[in-house]
file target.txt (compact mmCIF, C-alpha atoms)
# COMPACT_ATOMS: atom_id res chain seq x y z
CA THR D 111 -37.31 184.41 115.75
CA TYR D 112 -34.06 184.50 113.84
CA SER D 113 -34.96 187.76 112.08
CA SER D 114 -34.47 189.66 115.34
CA TYR D 115 -30.75 188.70 115.56
CA LYS D 116 -28.11 191.08 114.29
CA THR D 117 -25.36 189.31 112.38
CA LYS D 118 -21.83 190.22 111.38
CA PHE D 119 -19.77 188.46 108.75
CA VAL D 120 -16.25 187.50 109.85
CA TYR D 121 -13.94 187.34 106.85
CA GLY D 122 -11.70 184.32 106.37
CA GLY D 123 -8.24 184.81 107.84
CA GLY D 124 -9.27 187.98 109.65
CA LYS D 125 -9.11 189.83 106.31
CA SER D 126 -9.29 193.43 107.48
CA ILE D 127 -7.10 196.37 108.38
CA GLU D 128 -6.98 194.97 111.91
CA GLY D 129 -5.84 191.60 110.56
CA PHE D 130 -3.09 193.09 108.36
CA TYR D 131 -1.95 195.45 111.10
CA SER D 132 -1.82 192.76 113.78
CA TYR D 133 0.83 190.84 111.83
CA TYR D 134 2.70 194.06 111.04
CA GLU D 135 2.84 194.64 114.80
CA ALA D 136 3.81 191.00 115.43
CA VAL D 137 6.96 191.58 113.37
CA ARG D 138 7.71 194.61 115.53
CA GLU D 139 7.41 192.42 118.64
CA LEU D 140 9.73 189.85 117.09
CA TYR D 141 12.27 192.59 116.36
CA GLU D 142 12.01 193.98 119.90
CA GLN D 143 12.85 190.49 121.22
CA ASN D 144 16.13 190.69 119.27
CA VAL D 145 15.31 187.70 117.06
CA LEU D 146 17.61 187.61 114.04
CA VAL D 147 15.91 186.76 110.74
CA ASP D 148 17.45 186.37 107.31
CA TYR D 149 14.67 184.23 105.85
CA LEU D 150 11.12 183.86 107.06
CA PHE D 151 8.79 181.05 105.92
CA ILE D 152 5.04 181.33 106.33
CA ALA D 153 1.81 179.82 105.04
CA CYS D 154 -0.36 181.89 102.73
CA GLY D 155 -4.11 181.33 102.47
CA THR D 156 -6.17 184.52 102.22
CA GLY D 157 -3.05 186.69 102.25
CA THR D 158 -3.94 188.61 105.40
CA THR D 159 -1.05 187.29 107.46
CA LEU D 160 1.41 187.57 104.58
CA THR D 161 0.49 191.20 103.88
CA GLY D 162 1.14 192.32 107.44
CA ILE D 163 4.31 190.29 107.72
CA CYS D 164 5.80 191.53 104.44
CA ALA D 165 5.13 195.14 105.47
CA GLY D 166 6.56 194.57 108.95
CA MET D 167 9.62 192.84 107.55
CA HIS D 168 10.28 195.82 105.27
CA LYS D 169 10.28 198.11 108.29
CA TYR D 170 12.14 195.97 110.85
CA TYR D 171 14.15 193.49 108.76
CA PRO D 172 14.74 195.30 105.45
CA LYS D 173 17.30 192.77 104.17
CA ALA D 174 15.27 189.65 105.02
CA ILE D 175 13.41 187.55 102.46
CA VAL D 176 9.90 186.22 103.08
CA TYR D 177 8.99 182.86 101.56
CA ALA D 178 5.23 182.42 101.34
CA ILE D 179 4.11 178.83 100.89
CA SER D 180 0.68 178.98 99.31
CA VAL D 181 -1.87 176.49 100.56
CA ALA D 182 -4.69 177.57 98.26
CA ARG D 183 -3.94 179.74 95.23
CA ASN D 184 -1.36 180.03 92.48
CA ILE D 185 0.57 183.28 92.08
CA GLU D 186 -1.68 184.58 89.29
CA GLU D 187 -4.73 184.32 91.56
CA GLU D 188 -3.02 185.47 94.76
CA MET D 189 -1.04 188.55 93.69
CA PRO D 190 -4.06 190.79 92.92
CA VAL D 191 -5.50 189.87 96.34
CA LEU D 192 -2.18 190.60 98.04
CA GLN D 193 -1.78 193.91 96.23
CA ASP D 194 -5.27 194.98 97.27
CA ASN D 195 -4.45 194.01 100.86
CA MET D 196 -1.19 195.98 100.78
CA ASN D 197 -2.90 199.02 99.26
CA ASN D 198 -5.34 199.02 102.17
CA LEU D 199 -2.59 198.62 104.76
CA ASN D 200 -0.47 201.33 103.11
CA ALA D 201 -3.42 203.74 103.17
CA TYR D 202 -3.89 203.01 106.87
CA LEU D 203 -0.18 203.36 107.73
CA GLU D 204 0.44 206.18 105.25
CA SER D 205 3.32 204.13 103.86
CA ASP D 206 4.44 202.54 100.61
CA TYR D 207 5.33 198.95 101.46
CA ASP D 208 5.39 196.39 98.67
CA PHE D 209 6.18 192.73 98.06
CA SER D 210 9.76 193.15 96.81
CA ASN D 211 10.90 191.02 99.78
CA LEU D 212 8.60 188.15 98.80
CA VAL D 213 9.29 184.79 97.18
CA PHE D 214 5.87 183.25 96.50
CA CYS D 215 5.86 179.45 96.30
CA ASP D 216 2.76 177.84 94.84
CA GLN D 217 4.28 174.46 93.99
CA PHE D 218 3.23 172.88 97.32
CA ILE D 219 -0.55 173.29 96.96
CA GLY D 220 -0.77 169.70 95.80
CA GLU D 221 -4.22 168.69 94.68
CA GLY D 222 -5.80 171.70 96.37
CA TYR D 223 -6.76 173.31 99.64
CA GLY D 224 -7.26 170.75 102.38
CA LYS D 225 -5.82 167.90 100.32
CA TYR D 226 -2.58 166.20 101.25
CA ASP D 227 -0.48 163.12 100.65
CA GLU D 228 1.44 160.59 102.73
CA SER D 229 4.77 162.45 102.51
CA LEU D 230 3.20 165.48 104.20
CA VAL D 231 1.62 163.33 106.91
CA ASN D 232 4.98 161.65 107.55
CA LEU D 233 6.74 165.00 107.96
CA ILE D 234 4.01 166.21 110.34
CA ARG D 235 4.43 163.04 112.44
CA GLU D 236 8.21 163.44 112.47
CA CYS D 237 7.93 167.07 113.52
CA ALA D 238 5.46 166.28 116.32
CA THR D 239 7.53 163.35 117.57
CA ASN D 240 10.96 164.98 117.42
CA GLU D 241 10.19 168.64 118.07
CA GLY D 242 6.81 168.64 119.81
CA MET D 243 5.43 171.07 117.23
CA LEU D 244 1.92 170.29 116.05
CA LEU D 245 1.17 171.05 112.43
CA ASP D 246 -1.99 170.46 110.44
CA PRO D 247 -2.07 169.05 106.89
CA THR D 248 -4.13 171.93 105.45
CA TYR D 249 -2.22 175.04 106.47
CA SER D 250 0.88 175.08 108.68
CA GLY D 251 1.91 171.56 107.71
CA LYS D 252 1.98 172.42 104.00
CA ALA D 253 4.02 175.52 104.76
CA PHE D 254 6.50 173.55 106.87
CA TYR D 255 6.71 170.89 104.16
CA GLY D 256 7.44 173.60 101.59
CA MET D 257 10.12 175.16 103.77
CA HIS D 258 11.67 171.77 104.46
CA SER D 259 11.77 171.01 100.74
CA ILE D 260 13.28 174.39 99.85
CA ILE D 261 15.97 174.81 102.50
CA PHE D 262 17.51 171.39 101.97
CA GLN D 263 17.90 172.05 98.23
CA ARG D 264 19.78 175.35 98.45
CA ASP D 265 23.07 176.38 100.03
CA GLN D 266 21.92 179.97 100.56
CA PHE D 267 20.32 178.97 103.88
CA VAL D 268 23.49 177.50 105.43
CA ASN D 269 24.58 179.52 108.48
CA LYS D 270 21.59 181.86 108.10
CA ASN D 271 18.78 182.66 110.52
CA VAL D 272 15.72 180.88 109.16
CA LEU D 273 12.37 181.37 110.91
CA PHE D 274 9.30 179.25 110.32
CA TRP D 275 6.36 181.27 111.65
CA ASN D 276 3.57 178.90 112.62
CA THR D 277 0.48 181.11 112.41
CA GLY D 278 -2.13 178.49 112.99
CA GLY D 279 -4.15 175.74 111.51
CA ILE D 280 -4.45 173.69 114.70
CA PHE D 281 -8.25 173.64 114.40
CA ASN D 282 -7.83 171.63 111.19
CA LEU D 283 -6.52 168.81 113.38
CA LEU D 284 -9.63 168.82 115.51

call {"tool": "encode", "arguments": {"input": "target.txt", "output": "structure tokens"}}
result
Amino acid sequence: TYSSYKTKFVYGGGKSIEGFYSYYEAVRELYEQNVLVDYLFIACGTGTTLTGICAGMHKYYPKAIVYAISVARNIEEEMPVLQDNMNNLNAYLESDYDFSNLVFCDQFIGEGYGKYDESLVNLIRECATNEGMLLDPTYSGKAFYGMHSIIFQRDQFVNKNVLFWNTGGIFNLL
């Protein structure tokens, strides 16, 4: 019978200390590989990835700016979640990281999570064809679209080290 099975709930986005810390450590690995970063662009869904990356960037790239392209929530909904995440990570690390290095972009959500338009699909096709990078229309594709829209509108990115960190979403293509 099913009642004899033990179950465990897995939070969306790996939302846990382990999830936050894994991305904090991923930034350390990036730094140890001598990758230069002035601006980092990343998708934001549950905020797990973003929390770890913002903390890691504070430690290893203190002058860099993180652009989070939201795929689900506006800033009013997301910031309390992010702050709770960071409080948990700070307690674990005995640190005081914050989001002062963050530019949160919620203008690319479109009509909502998992919804997309033809311009996004066209950019995903172009990226796959020309660069061999697969992006999905729900998560990484929206983030790449947001980055693409932002960097070609502002001179501040010229001759700077811009990193798009593709943290997933491939299963949305399947």

call {"tool": "closest_residue", "arguments": {"input": "target.txt", "among": "D:Glu142, D:Asp246, D:Asp148, D:Asp265", "to": "Lys225 of chain D", "atoms": "all atoms listed in the file"}}
result
D:Asp246

call {"tool": "atom_distance", "arguments": {"input": "target.txt", "atom1": "atom CA of Ala136 of chain D", "atom2": "atom CA of Gly166 of chain D"}}
result
7.9 Å

call {"tool": "residues_around", "arguments": {"input": "target.txt", "residues": "Leu273 of chain D", "least_positions_apart": "5", "cutoff": "7 Å", "atoms": "all atoms listed in the file", "output": "PDB file with C-alpha atoms, in the frame of the given file"}}
result
ATOM      1  CA  VAL D 147      15.910 186.760 110.740  1.00  0.00           C
ATOM      2  CA  TYR D 149      14.670 184.230 105.850  1.00  0.00           C
ATOM      3  CA  LEU D 150      11.120 183.860 107.060  1.00  0.00           C
ATOM      4  CA  PHE D 151       8.790 181.050 105.920  1.00  0.00           C
TER       5      PHE D 151
END

call {"tool": "closest_residue", "arguments": {"input": "target.txt", "among": "D:Lys270, D:Ile152, D:Tyr134, D:Ala165", "to": "Lys252 of chain D", "atoms": "only C-alpha atoms"}}
result
D:Ile152

call {"tool": "atom_distance", "arguments": {"input": "target.txt", "atom1": "atom CA of Thr158 of chain D", "atom2": "atom CA of Ala178 of chain D"}}
result
11.8 Å

call {"tool": "closest_residue", "arguments": {"input": "target.txt", "among": "D:Tyr131, D:Asp227, D:Leu203, D:Ala153", "to": "Gly278 of chain D", "atoms": "all atoms listed in the file"}}
result
D:Ala153

call {"tool": "closest_residue", "arguments": {"input": "target.txt", "among": "D:Ser205, D:His258, D:Gly162, D:Met243", "to": "Leu230 of chain D", "atoms": "only C-alpha atoms"}}
result
D:His258

call {"tool": "atom_distance", "arguments": {"input": "target.txt", "atom1": "atom CA of Gln263 of chain D", "atom2": "atom CA of Ile179 of chain D"}}
result
15.6 Å

call {"tool": "residues_around", "arguments": {"input": "target.txt", "residues": "Met189 of chain D", "least_positions_apart": "6", "cutoff": "10 Å", "atoms": "all atoms listed in the file", "output": "JSON, numbers by chain"}}
result
{"D": [157, 183, 195, 209, 214]}

call {"tool": "residues_around", "arguments": {"input": "target.txt", "residues": "Leu244 of chain D", "least_positions_apart": "2", "cutoff": "9 Å", "atoms": "all atoms listed in the file", "output": "mmCIF file with C-alpha atoms, keeping the file's coordinate frame"}}
result
data_model
loop_
_atom_site.group_PDB
_atom_site.id
_atom_site.type_symbol
_atom_site.label_atom_id
_atom_site.label_comp_id
_atom_site.auth_asym_id
_atom_site.auth_seq_id
_atom_site.Cartn_x
_atom_site.Cartn_y
_atom_site.Cartn_z
ATOM 1 C CA ILE D 234 4.010 166.210 110.340
ATOM 2 C CA ARG D 235 4.430 163.040 112.440
ATOM 3 C CA CYS D 237 7.930 167.070 113.520
ATOM 4 C CA ALA D 238 5.460 166.280 116.320
ATOM 5 C CA GLU D 241 10.190 168.640 118.070
ATOM 6 C CA GLY D 242 6.810 168.640 119.810
ATOM 7 C CA ASP D 246 -1.990 170.460 110.440
ATOM 8 C CA SER D 250 0.880 175.080 108.680
ATOM 9 C CA GLY D 251 1.910 171.560 107.710
ATOM 10 C CA ILE D 280 -4.450 173.690 114.700
ATOM 11 C CA LEU D 283 -6.520 168.810 113.380
#

call {"tool": "closest_residue", "arguments": {"input": "target.txt", "among": "D:Phe274, D:Tyr133, D:Arg138, D:Met196", "to": "Val176 of chain D", "atoms": "all atoms listed in the file"}}
result
D:Phe274

call {"tool": "closest_residue", "arguments": {"input": "target.txt", "among": "D:Tyr177, D:Leu192, D:Ala201, D:Tyr226", "to": "Ile261 of chain D", "atoms": "all atoms listed in the file"}}
result
D:Tyr177
